[in-house]
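Everything on this sheet refers to the single structure shown next.
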Number of protein chains: 2
Amino acid sequence: MGEFELIRKYFAAAPCAQGGEGIALGIGDDCALLALPAGEQLAVSTDTLVAGVHFADPCDPFLLGQRSLAVAVSDLAAMGANPLAFTLALTTPTVSADWLQRYAQGLNAMAQRCGIGLVGGDTTRGPLSLTVTVFGRVPSGLALTRGGAQPGDLLCVGGDLGNAAGALPLVLNQRTAPPAIAEPLLAHYWSPQPQLALGLALRGKATSAMDISDGLLADCGHIAKASALRLVIEQQRLPLSLELLAFLGEEESRSAALSGGDDYVLLFTLPPTELAPLLDSGWPVKVVGRVEQGQGVALVDSVGLDITPVMRGYQHFRETH
Amino acid sequence: MGEFELIRKYFAAAPCAQGGEGIALGIGDDCALLALPAGEQLAVSTDTLVAGVHFADPCDPFLLGQRSLAVAVSDLAAMGANPLAFTLALTTPTVSADWLQRYAQGLNAMAQRCGIGLVGGDTTRGPLSLTVTVFGRVPSGLALTRGGAQPGDLLCVGGDLGNAAGALPLVLNQRTAPPAIAEPLLAHYWSPQPQLALGLALRGKATSAMDISDGLLADCGHIAKASALRLVIEQQRLPLSLELLAFLGEEESRSAALSGGDDYVLLFTLPPTELAPLLDSGWPVKVVGRVEQGQGVALVDSVGLDITPVMRGYQHFRETH
């Protein structure tokens, strides 16, 4: 079976590939064609997952399909964009019909959940890796960026932190836990839920936003730098799930929340007056600190003492990694 | 040096990353933002090059930079789209400042030639591979697709065929040739020129178009299938360069033109009345055959006898490859 048949057979038949509003031409030509309503911009982001680096190989291809799309769509959530379409560049050493079918099922399940359509890609032979490029729509001028935080803003996140990093010893079969603990943690790792609805709700309210992929400390550093301000995290405010605390204890859970990656929860800054309306509407907003004049990121304890650890957010190519 | 500094240092400083018309937000946030004029659509295509599969490793990173972008931009030419922006997902086993600098120089040289700006990407550790996703603009309804060929159309290409495939033994150091032969052939392989201007000139004239990446026979098959018609190639009309003929002789040159990949020359169908104006304007249009009722692709000799070989265009995962 040739490259073209492969792509069509496993990916193009899925509901997510049928195209929706904004997809003028889907899979099968030299390019896909996307249409944008007047007054909107296209948000674009690319993410690569490499076997042995970003995920264990072998792994369940269904879960990998879900995760490979979710981590990319999370960048659309972080910009306050509406998902539109994505492309998949799949490099695989061998063709396994079973593997491809399971992978495509996982991909399509996440695509349907996010309302995003597959419009093209490339399939090549080589060491297993997946590059997903996502496209979203956002009204001109309303995209959430990293650069608009203001002194006095609250520093907020969209949910519990550290669950995916906490799940890593389970993913790698290094440790075990009872199902009541293991299952929710593994779900955070394999099937992160891009906070698309929260991203839309933050349009015009949050002054800056991003998604947490490298760990809270490292990602706060990106907002601090882009906004030329200082972000202060209050340690006792870190939202930690009961499963994580039961699995790792308090100290390790905090470490996972601060320096573990892969949470894909939104991180944003909010004028204090915007907080109550969001909470009243039921959005999962947790305040973890504040924005001040200055630069960099500080972690403080319950009496305000600076306890910032040496930064060690997840960065590829670091010698410590 | 972290992932972020890497990307910025070698890619973001280049002129092509400064952004131009249509790039509302470039490198450095969760997403890039692209703006489209009213009445235009966005053309999107993704291409992956894997070391050891699509190029020899080691190779000159400058040439690889040029080629990795050119093969993707060629898909924009095939749609009649104007280049706008691209993302780069770079996976590399080690960080070499020299390699990255040379690669970025080659990439940027091609980006400037094509008028396209780098807006984002991802850098990961792993076996060397490159995924480039390109974005172009095309007025709604004017994109050239594979599906519109008509019986009676001329089958045309935008230049000589087989040069890149002919260069392969030189690229792999399996054969040598005098500089007067080797240099132009190697240039076709390493620095293909996306036929962007020709693509624009064909808008509203060509009834179907694509770029030749898998070889003339295989790619004619795509147009034949999408247009539900039969494409007939006349063997004596195959445009072959003097360098290729001098290097391979007539029979091998024909084989390279028919079944070799990587030409990145446009393949299109044209109503006969459109031919003379294009030739008068100096466009490099060569007629290689015609479109008929029926299906599939046929190769005929000078007296019209069917001499179609078994199809063996470049397809990944085929056992013959």
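Labels used: A, B, ... for chains in the order of the structure tokens, numbers from 1 for residues in each chain, and numbers from 1 for ligands as shown.
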Do you know which residues are at most 6 Å from Ala149 of chain B counting only C-alpha atoms, after dropping those on the same chain fewer than 2 positions away, and could you put them as a VMD selection string? chain B and resid 207 to 208 227 269
With C-alpha atoms retained, write the just-selected residues as a CSV table (one decimal), in the first residue's frame.
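File written: result.csv
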chain,number,residue,atom,x,y,z
B,207,THR,CA,-7.5,23.5,-15.5
B,208,SER,CA,-5.5,21.4,-13.0
B,227,SER,CA,-10.1,14.6,-12.7
B,269,THR,CA,-3.3,20.8,-17.9
Could you please tell me, as a PyMOL selection string, which residues of chain B have an atom within 8 Å of chain A when using only C-alpha atoms? chain B and resi 1-3+29-36+38+40-50+53+75-76+78-79+87-89+94-95+120-127+131+133+145-146+210-211+315-318
Counting only C-alpha atoms, what is within 9 Å of segment 61-68 of chain B, bar same-chain residues fewer than 2 positions away, as a PyMOL selection string? chain B and resi 47-49+55+58-59+70-72+99-111+130-132+189-192
Report, in Å with one decimal, the straight-line distance from atom CA of Gly158 of chain A to atom CA of Ala197 of chain A. 10.9 Å
As JSON, numbers by chain, please: every residue in segment 91-210 of chain A that DSSP puts in strand (DSSP E). {"A": [91, 92, 117, 118, 119, 120, 121, 122, 123, 124, 125, 129, 130, 131, 132, 133, 134, 135, 136, 137, 138, 139, 154, 155, 156, 157, 208, 209, 210]}
List the spatial neighbours of Arg237 of chain B as a list of chain:residue names - criterion: any atom at most 12 Å away, only C-alpha atoms, same-chain residues fewer than 5 positions off excluded.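 Residues meeting the cut-off are B:Leu155, B:Cys156, B:Val157, B:Gly159, B:Asp160, B:Leu161, B:Val232, B:Arg254, B:Ala257, B:Leu258, B:Lys286, B:Val287, B:Val288, B:Gly289, B:Arg290, B:Leu299, B:Val300, B:Asp301, B:Ser302.
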Distance in Å - atom CA of Gly215 of chain A versus atom CA of Glu183 of chain A: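 Interatomic distance here is 21.6 Å.
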Go through B:Asn163, B:Gln293, B:Ser259, B:Gln235 and flag the residue nearest Asp219 of chain B, using only C-alpha atoms for the distances.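 Looking only at the distances to Asp219 of chain B, the closest residue turns out to be B:Ser259.
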Check the DSSP output for the backbone and give back, as a PyMOL selection string, the residues of segment 12-205 of chain B in helix (DSSP H, G or I). chain B and resi 12+15-17+61-79+97-114+163-171+179-190+196-202
Generate a file of the selected residues that holds C-alpha atoms, formatted as a compact mmCIF listing (two decimals), in the first residue's frame.
# COMPACT_ATOMS: atom_id res chain seq x y z
CA ALA B 12 14.56 34.55 14.69
CA PRO B 15 15.48 38.87 7.89
CA CYS B 16 12.86 36.30 6.94
CA ALA B 17 11.66 36.17 10.55
CA PRO B 61 23.39 21.87 6.37
CA PHE B 62 23.20 25.01 4.22
CA LEU B 63 21.99 22.97 1.24
CA LEU B 64 19.62 21.01 3.46
CA GLY B 65 18.18 24.29 4.78
CA GLN B 66 17.49 25.47 1.24
CA ARG B 67 16.01 22.19 0.12
CA SER B 68 13.80 21.57 3.17
CA LEU B 69 11.98 24.86 2.60
CA ALA B 70 11.92 24.70 -1.22
CA VAL B 71 10.12 21.35 -1.40
CA ALA B 72 7.35 22.68 0.85
CA VAL B 73 7.02 26.05 -0.93
CA SER B 74 6.70 24.16 -4.21
CA ASP B 75 3.26 23.00 -3.00
CA LEU B 76 2.20 26.65 -2.74
CA ALA B 77 3.37 27.21 -6.34
CA ALA B 78 1.29 24.21 -7.39
CA MET B 79 -1.85 25.82 -5.93
CA ALA B 97 26.04 25.69 16.85
CA ASP B 98 27.87 25.39 13.53
CA TRP B 99 25.28 23.05 12.07
CA LEU B 100 22.35 25.16 13.21
CA GLN B 101 23.91 28.35 11.93
CA ARG B 102 24.61 26.88 8.50
CA TYR B 103 21.17 25.28 8.34
CA ALA B 104 19.48 28.56 9.29
CA GLN B 105 21.52 30.40 6.65
CA GLY B 106 20.34 28.01 3.94
CA LEU B 107 16.77 28.19 5.17
CA ASN B 108 16.85 31.95 5.28
CA ALA B 109 18.42 32.23 1.82
CA MET B 110 15.54 30.22 0.34
CA ALA B 111 13.00 32.11 2.49
CA GLN B 112 14.17 35.43 1.14
CA ARG B 113 14.14 34.15 -2.42
CA CYS B 114 10.53 32.96 -1.96
CA ASN B 163 17.55 16.39 -13.24
CA ALA B 164 17.15 15.84 -9.49
CA ALA B 165 16.79 12.06 -9.85
CA GLY B 166 19.78 12.09 -12.20
CA ALA B 167 21.79 13.92 -9.54
CA LEU B 168 21.16 11.25 -6.91
CA PRO B 169 24.25 9.10 -7.74
CA LEU B 170 26.32 12.30 -7.39
CA VAL B 171 24.66 13.21 -4.08
CA PRO B 179 31.85 20.02 -13.01
CA ALA B 180 30.04 21.27 -16.11
CA ILE B 181 27.66 18.32 -15.75
CA ALA B 182 27.69 17.73 -11.98
CA GLU B 183 27.13 21.30 -10.84
CA PRO B 184 23.84 22.04 -12.62
CA LEU B 185 22.46 18.60 -11.74
CA LEU B 186 23.37 18.98 -8.05
CA ALA B 187 21.83 22.46 -8.02
CA HIS B 188 18.53 20.97 -9.17
CA TYR B 189 18.67 18.48 -6.29
CA TRP B 190 19.82 20.73 -3.46
CA LEU B 196 5.86 30.44 -7.77
CA ALA B 197 5.62 32.97 -10.60
CA LEU B 198 4.48 30.30 -13.04
CA GLY B 199 1.85 29.15 -10.53
CA LEU B 200 0.46 32.69 -10.35
CA ALA B 201 0.51 32.99 -14.15
CA LEU B 202 -1.52 29.77 -14.43
Could you pull the residues within 12 Å of Ala298 of chain B, counting only C-alpha atoms, minus those fewer than 5 positions along the same chain, as number ranges by chain? B: 216-218, 220-221, 224, 229-235, 258, 288-292, 304-311
For those residues, write C-alpha atoms to a file as a PDB file, in the first residue's frame.
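Here's the written file again-v3.pdb:
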ATOM      1  CA  LEU B 216       5.928  12.299 -13.854  1.00  0.00           C
ATOM      2  CA  LEU B 217       4.099   8.972 -14.204  1.00  0.00           C
ATOM      3  CA  ALA B 218       2.997   8.770 -10.566  1.00  0.00           C
ATOM      4  CA  CYS B 220       0.056  12.252 -13.658  1.00  0.00           C
ATOM      5  CA  GLY B 221      -1.781   9.407 -11.962  1.00  0.00           C
ATOM      6  CA  ALA B 224      -5.937  11.450 -13.780  1.00  0.00           C
ATOM      7  CA  LEU B 229      -9.771  11.248 -16.986  1.00  0.00           C
ATOM      8  CA  ARG B 230      -6.902   9.620 -18.887  1.00  0.00           C
ATOM      9  CA  LEU B 231      -3.534  11.362 -19.293  1.00  0.00           C
ATOM     10  CA  VAL B 232      -1.364  10.414 -22.279  1.00  0.00           C
ATOM     11  CA  ILE B 233       2.368  11.209 -22.189  1.00  0.00           C
ATOM     12  CA  GLU B 234       4.239  11.265 -25.501  1.00  0.00           C
ATOM     13  CA  GLN B 235       7.705   9.899 -24.814  1.00  0.00           C
ATOM     14  CA  LEU B 258       9.292   9.414 -15.878  1.00  0.00           C
ATOM     15  CA  VAL B 288       4.327  16.531 -22.887  1.00  0.00           C
ATOM     16  CA  GLY B 289       0.968  15.029 -23.820  1.00  0.00           C
ATOM     17  CA  ARG B 290      -2.789  15.385 -23.712  1.00  0.00           C
ATOM     18  CA  VAL B 291      -5.936  14.658 -21.707  1.00  0.00           C
ATOM     19  CA  GLU B 292      -8.508  12.149 -22.957  1.00  0.00           C
ATOM     20  CA  GLY B 304       1.444   6.245 -30.736  1.00  0.00           C
ATOM     21  CA  LEU B 305       2.122   2.718 -29.447  1.00  0.00           C
ATOM     22  CA  ASP B 306       1.411   2.235 -25.746  1.00  0.00           C
ATOM     23  CA  ILE B 307       4.741   1.610 -23.960  1.00  0.00           C
ATOM     24  CA  THR B 308       3.587   2.340 -20.404  1.00  0.00           C
ATOM     25  CA  PRO B 309       5.978   0.769 -17.889  1.00  0.00           C
ATOM     26  CA  VAL B 310       4.824  -0.730 -14.629  1.00  0.00           C
ATOM     27  CA  MET B 311       4.213   2.279 -12.388  1.00  0.00           C
TER      28      MET B 311
END
